[in-house]
Amino acid sequence: MRQYQGRVYSLAWHYVRNQEEARDVAQEAFVRIYNKLSSFKDSEMFLPWMLRLTRNVCIDHLRRAKARPPADDVAIDAGIEMTDTRPTPEREAEASSQRRLLHRALDRISAPYREMILLKEIQGLPLEEIASMLDLPLGTVKSRSNRARLELARAVTVLRAGAP
Amino acid sequence: MTSRSMTCHEFERQLDEIVGKTAPVETLRDAARHVATCTQCEELAEIARASLGGIVTVDGVDTAGMVNRILSLTSGPACGAAGERLADLVDGALTATERSLVIGHLGGCEACADLAATMSWMSEPLASLCEIDPGESFTAGVMRATAPPAIAIPAPGRLDALRPRFDNLGRWWAGVMARPRFTWEAAYVGGLVVWLLFGAAFSPFHAVPERALELARLNPVSALGDTVQPASFGEQVWQATGERMLQKAETSTERLSQRTRGLQEATGSLARDGAGMLGSAFRGDLSGSAVRLKDMGADLQAIWNELKRRDPKKIPNAKET
């Protein structure tokens with residue numbers, strides 16, 4: 001569990017964008033994973049299977065929370081401790097700045113593109129897995145992934161230029 | 001369409017040399033004059049230049065506006081087409097031709113070049129977002145949620161605390177049972193309880209024994225008189241089976257008496273003493289009741305000895321008990 005908890009929590013956090021809710025969702029995801037371990041087939045890859053379950057839990061949570069008002073914009077990276085440790089404080093500060101920039105950019109792109117970035121670029125899932133997970137044709141996933149990266153790059157460029 | 005020095009056919013035949021600027025200077029000059037007057041060949045030249053990887057100006061002709069016009073009429077804006085391929089360019093997934101086309105576009109388009117650089121840069125920071133530490137208590141929370149429900153078992157400390165009390169109670173009871181006067185004491189306490197229940201004037205059950213005695217003395221049939229006649233069917237059943245049942249009961253009693261002849265005397269004495277004790281209690285004769293209770297204790301002792309004599313294995317020694 002310790003091996004995967006960072007990934008599960010990261011996926012949950014990127015979906016719900018709230019630390020406490022992400023913890024609850026990640027714990028619920030692990031409970032569901034634990035309960036459904038018997039249905040896991042050896043022919044499948046464990047990580048995509050686990051991330052698929054986690055995504056389902058996140059979506060269930062978002063559906064339940066749909067009636068609630070959207071959470072205020074939280075300070076990106078505030079209180080989030082990344083497992084990526086850098087050797088020097090300068091590099092750590094730089095990495096933190098980069099992550100903050102990316103999080104802000106992720107907030108600016110549409111939800112389908114953000115999900116594609118999350119699954120493909122952040123979690124590193126292969127396109128075939130994403131296509132299966134999202135129930136989309138492979139070609140659609142590929143083109144959407146490319147457009148998502150382009151949109152994110154545009155958002156990053158705009159943020160770097162200091163535009164609001 | 002023709003120009004003064006070059007026809008459309010000649011332009012098309014020498015297109016690669018013209019666009020690549022490998023044709024003689026005179027030919028290039030004629031071509032420039034030709035495209036200035038021939039829209040069709042002008043578009044053809046722009047497409048050829050784009051496919052060769054870059055926007056090349058024909059000598060003497062400003063083609064900056066032409067590119068956008070041509071692409072808007074054919075494959076759309078160049079930035080749109082290049083943008084769709086930027087991700088594949090960064091991933092190295094383009095064919096050689098596509099790669100040269102996109103790189104050619106990037107050479108002349110600063111915005112797309114910035115996008116490509118950003119896209120190339122953000123791969124590593126994005127991958128670093130893969131894991132986030134949820135905190136130390138996260139694992140414990142999951143373990144609590146997935147652990148099987150705990151069975152409610154009393155804390156061992158509680159049982160340990162009660163054990164000496166049970167042991168003391170057991171020792172006290174064993175000591176009481178081992179006393180020689182236990183029979184007498186038990187009978188005395190029992191008699192006192194019976195007197196308090198039925199003999200004492202303040203007891204709510206004070207009149208119960210007298211009423212019970214009166215009822216026992218009544219002959220139910222005569223008491224009922226002529227008002228209630230036994231059912232004819234019941235009477236017939238009694239006549240048919242009652243005599244036989246009485247005979248069997250007498251026979252069984254006789255056999256039981258023979259088997260328990262030793263106990264019979266003691267049990268009869270116990271019954272008599274018990275009745276006497278109750279009678280004394282009802283009359284308020286406490287001393288008489290106490291004497292009868294003492295006799296009952298002796299009767300119980302005799303019954304005990306008789307049982308022990310008959311089967312000493314099953315009846316343990318009173319002191320041992």
# chains A, B, ... in the order shown; residues from 1 in each chain; ligands from 1
call {"tool": "interface_residues", "arguments": {"of": "chain B", "to": "chain A", "cutoff": "12 Å", "atoms": "only C-alpha atoms", "output": "PyMOL selection string"}}
result
chain B and resi 79-91+93+111-148
call {"tool": "select_by_dssp", "arguments": {"residues": "segment 29-146 of chain A", "states": "helix (DSSP H, G or I)", "output": "PyMOL selection string"}}
result
chain A and resi 29-35+37-39+46-67+89-108+111-122+127-134+138-146
call {"tool": "residues_around", "arguments": {"residues": "Ala45 of chain B", "least_positions_apart": "3", "cutoff": "9 Å", "atoms": "only C-alpha atoms", "output": "short mmCIF file (atom, residue, chain, number, x, y, z; two decimals) with N, CA and C atoms, in the first residue's frame"}}
result
data_model
loop_
_atom_site.label_atom_id
_atom_site.label_comp_id
_atom_site.auth_asym_id
_atom_site.auth_seq_id
_atom_site.Cartn_x
_atom_site.Cartn_y
_atom_site.Cartn_z
N GLU B 12 6.07 26.06 -63.78
CA GLU B 12 5.78 24.82 -63.07
C GLU B 12 6.89 23.80 -63.28
N LEU B 15 9.86 24.67 -61.09
CA LEU B 15 9.39 25.11 -59.76
C LEU B 15 10.41 24.80 -58.66
N ASP B 16 10.92 23.54 -58.62
CA ASP B 16 11.84 23.17 -57.54
C ASP B 16 13.09 24.04 -57.56
N ILE B 18 13.34 27.00 -58.80
CA ILE B 18 13.00 28.39 -58.47
C ILE B 18 12.83 28.55 -56.96
N VAL B 19 12.07 27.64 -56.39
CA VAL B 19 11.83 27.75 -54.94
C VAL B 19 13.11 27.50 -54.17
N VAL B 35 5.18 35.37 -61.09
CA VAL B 35 4.27 35.19 -59.96
C VAL B 35 3.63 36.51 -59.54
N GLN B 40 -2.22 31.90 -59.71
CA GLN B 40 -2.14 30.44 -59.62
C GLN B 40 -0.72 29.98 -59.38
N CYS B 41 0.22 30.52 -60.11
CA CYS B 41 1.62 30.13 -59.92
C CYS B 41 2.17 30.66 -58.59
N GLU B 42 1.63 31.76 -58.15
CA GLU B 42 2.03 32.30 -56.85
C GLU B 42 1.66 31.33 -55.72
N ALA B 48 4.94 24.99 -52.46
CA ALA B 48 6.23 24.30 -52.64
C ALA B 48 7.24 24.77 -51.59
N ARG B 49 7.21 26.04 -51.29
CA ARG B 49 8.15 26.55 -50.29
C ARG B 49 7.83 25.98 -48.89
N ALA B 50 6.55 25.92 -48.59
CA ALA B 50 6.16 25.37 -47.28
C ALA B 50 6.58 23.91 -47.17
N VAL B 58 10.53 34.97 -52.66
CA VAL B 58 11.05 35.06 -54.02
C VAL B 58 11.65 36.45 -54.20
#
call {"tool": "residues_around", "arguments": {"residues": "Val141 of chain A", "least_positions_apart": "6", "cutoff": "9 Å", "atoms": "only C-alpha atoms", "output": "MDAnalysis selection string"}}
result
chainID A and resid 116 127:128 130:131 134
call {"tool": "atom_distance", "arguments": {"atom1": "atom CA of Val176 of chain B", "atom2": "atom CA of Ile303 of chain B"}}
result
19.8 Å
